[in-house]
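The next block holds one structure in the form of structure tokens; read it before the comments.
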Amino acid sequence: MDMDSSDSSKPAPSPKAPKRKAERAGEDAFDLWLQRGLHQLYDDVAAEPIPPELMRLIEEDRSRRGK
Amino acid sequence: MANEFHGQVIALLPRLRVQALALTRNRAAADDLVQDAVANALAAQNSFTPGTNFAAWMHRILRNRFISTLRKQRETTDIEDVPAGAFAVSATHEDRLVLKELGNAVNRLPADQREALFMVVLQGMSYEDVAEATGCAVGTAKSRVFRARRQLQTWLAGEESAEATTEEQRTERARISGRSSERGGQRARNGSGVGEHHLLA
């Protein structure tokens, strides 16, 4: 008996909710894919050895200031 | 103290290189930019306050250097590099095509969005650090990353507009976005250059 009244007090589910959920799921999947893709593209760049002339620039400054 | 400073510079070099590539889209220009920024930082090291955010300070120097170079050569036409990762032998032919397409699309983003996206996604920086490094509000940093992601999603799914299709299509396309679009890549290749003007504004 009371069940009827409690049911009617629940807010009706928004018709937009499943749509929004699907959209979010798509975005999350894409963001994961994007992260993996960017790492594949650019991790090599970060891992490259430091150019010797740049290292020399830093080391020369370090020893000059260390004196 | 001096040793600590130089050690921090060296430790940060890989990240600076990625940031430089995000800004210049060109390997040779990125290397020059890092070199110039390091030279500036070494000259200005007394202005760095120990204990404050070194990475943000250094990123700011690199960014300012890029902007001042850009002002000097406003109409430079550079060759946009697609990173070598796009040609990795371990990847399948299809994967290489997808990566190349992604690289082209990334190069098509406005420079400020690409920079923020790289900082967050590749370097794991917090939005607070991105904001400090790029001199904007935290909300702006978030918004740049969000817009970059959604723009790439739109381009790579071959859509003119993210709103132009159903949610189901978008979800499916995002899932297989790697395979989906010659068209997006073609547009990326034909793109009219990238919004460095955002940085100069």
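So you can find residues: chains in the structure tokens are A, B, ... in the order shown, residues in each start at 1, and ligands are numbered from 1 in order.
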
Taking only C-alpha atoms into account, find every residue of chain A that has an atom no more than 10 Å from chain B, and write it out as an mmCIF file with C-alpha atoms, in the first residue's frame.
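Saved the output as selection28.cif:
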data_model
loop_
_atom_site.group_PDB
_atom_site.id
_atom_site.type_symbol
_atom_site.label_atom_id
_atom_site.label_comp_id
_atom_site.auth_asym_id
_atom_site.auth_seq_id
_atom_site.Cartn_x
_atom_site.Cartn_y
_atom_site.Cartn_z
ATOM 1 C CA PRO A 18 21.631 6.986 -20.739
ATOM 2 C CA LYS A 19 22.611 9.260 -23.584
ATOM 3 C CA ARG A 20 24.976 11.197 -21.356
ATOM 4 C CA LYS A 21 26.414 7.967 -20.018
ATOM 5 C CA ALA A 22 27.128 6.665 -23.508
ATOM 6 C CA GLU A 23 28.733 9.942 -24.435
ATOM 7 C CA ARG A 24 30.980 9.825 -21.389
ATOM 8 C CA ALA A 25 31.939 6.230 -22.112
ATOM 9 C CA GLY A 26 32.901 7.185 -25.655
ATOM 10 C CA GLU A 27 34.981 10.094 -24.415
ATOM 11 C CA ASP A 28 36.717 7.968 -21.800
ATOM 12 C CA ALA A 29 37.568 5.334 -24.405
ATOM 13 C CA PHE A 30 38.903 7.967 -26.745
ATOM 14 C CA ASP A 31 40.937 9.645 -23.982
ATOM 15 C CA LEU A 32 42.583 6.322 -23.154
ATOM 16 C CA TRP A 33 43.316 5.668 -26.804
ATOM 17 C CA LEU A 34 44.677 9.205 -27.166
ATOM 18 C CA GLN A 35 46.968 8.821 -24.180
ATOM 19 C CA ARG A 36 48.403 5.605 -25.574
ATOM 20 C CA GLY A 37 48.812 7.129 -29.031
ATOM 21 C CA LEU A 38 50.559 10.247 -27.760
ATOM 22 C CA HIS A 39 52.973 8.154 -25.724
ATOM 23 C CA GLN A 40 53.732 6.015 -28.780
ATOM 24 C CA LEU A 41 54.387 9.140 -30.809
ATOM 25 C CA TYR A 42 56.367 11.220 -28.372
ATOM 26 C CA ASP A 43 58.042 8.994 -25.785
ATOM 27 C CA ASP A 44 60.964 8.433 -28.139
ATOM 28 C CA VAL A 45 61.489 12.168 -28.329
ATOM 29 C CA ALA A 46 61.765 12.450 -24.555
ATOM 30 C CA ALA A 47 64.073 9.428 -24.360
ATOM 31 C CA GLU A 48 66.639 10.706 -26.840
ATOM 32 C CA PRO A 49 70.102 11.422 -25.458
ATOM 33 C CA ILE A 50 70.926 15.001 -24.538
ATOM 34 C CA PRO A 51 72.825 16.734 -27.354
ATOM 35 C CA GLU A 53 76.633 20.792 -26.967
ATOM 36 C CA LEU A 54 73.709 21.329 -24.608
ATOM 37 C CA MET A 55 75.337 19.174 -21.947
ATOM 38 C CA LEU A 57 76.702 24.412 -21.958
ATOM 39 C CA ILE A 58 75.261 23.231 -18.635
ATOM 40 C CA GLU A 59 78.469 21.657 -17.366
ATOM 41 C CA ASP A 61 78.177 26.923 -16.317
ATOM 42 C CA ARG A 62 78.150 24.507 -13.404
ATOM 43 C CA SER A 63 81.936 24.447 -13.096
ATOM 44 C CA ARG A 64 82.222 28.208 -13.553
ATOM 45 C CA ARG A 65 79.769 28.852 -10.730
ATOM 46 C CA GLY A 66 81.218 26.107 -8.597
#

*So how far away is CA of Ala105 (chain B) from CA of Gly124 (chain B), in Å?*
21.0 Å

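Pairwise distance (CA of Ile61 (chain B), CA of Gly135 (chain B)) equals 11.2 Å.
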
*Residues within 10 Å of Leu23 (chain B), only C-alpha atoms, excluding chain neighbours under 4 positions, as a PyMOL selection string*: chain B and resi 17-19+29-30+33+62-63+66-67+107+110-115+118+194+196+199

Take the residues just selected and output them with C-alpha atoms as a PDB file, in the first residue's frame.
ATOM      1  CA  ARG B  17      62.069  18.766 -25.312  1.00  0.00           C
ATOM      2  CA  VAL B  18      58.491  17.499 -25.462  1.00  0.00           C
ATOM      3  CA  GLN B  19      57.144  20.935 -24.554  1.00  0.00           C
ATOM      4  CA  ALA B  29      63.317  24.085 -34.021  1.00  0.00           C
ATOM      5  CA  ALA B  30      62.485  22.263 -30.794  1.00  0.00           C
ATOM      6  CA  LEU B  33      64.370  26.253 -28.494  1.00  0.00           C
ATOM      7  CA  LEU B  62      60.983  28.090 -22.572  1.00  0.00           C
ATOM      8  CA  ARG B  63      57.527  29.348 -23.415  1.00  0.00           C
ATOM      9  CA  PHE B  66      59.280  30.614 -27.967  1.00  0.00           C
ATOM     10  CA  ILE B  67      56.894  33.562 -27.971  1.00  0.00           C
ATOM     11  CA  ASN B 107      49.876  19.420 -35.132  1.00  0.00           C
ATOM     12  CA  PRO B 110      46.140  25.565 -31.507  1.00  0.00           C
ATOM     13  CA  ALA B 111      49.565  25.727 -29.871  1.00  0.00           C
ATOM     14  CA  ASP B 112      48.223  26.558 -26.411  1.00  0.00           C
ATOM     15  CA  GLN B 113      45.894  23.536 -26.459  1.00  0.00           C
ATOM     16  CA  ARG B 114      48.612  21.219 -27.751  1.00  0.00           C
ATOM     17  CA  GLU B 115      51.013  22.456 -25.098  1.00  0.00           C
ATOM     18  CA  PHE B 118      51.163  17.351 -23.737  1.00  0.00           C
ATOM     19  CA  VAL B 194      48.344  26.123 -36.356  1.00  0.00           C
ATOM     20  CA  GLU B 196      50.444  30.161 -32.638  1.00  0.00           C
ATOM     21  CA  LEU B 199      50.101  32.593 -27.803  1.00  0.00           C
TER      22      LEU B 199
END
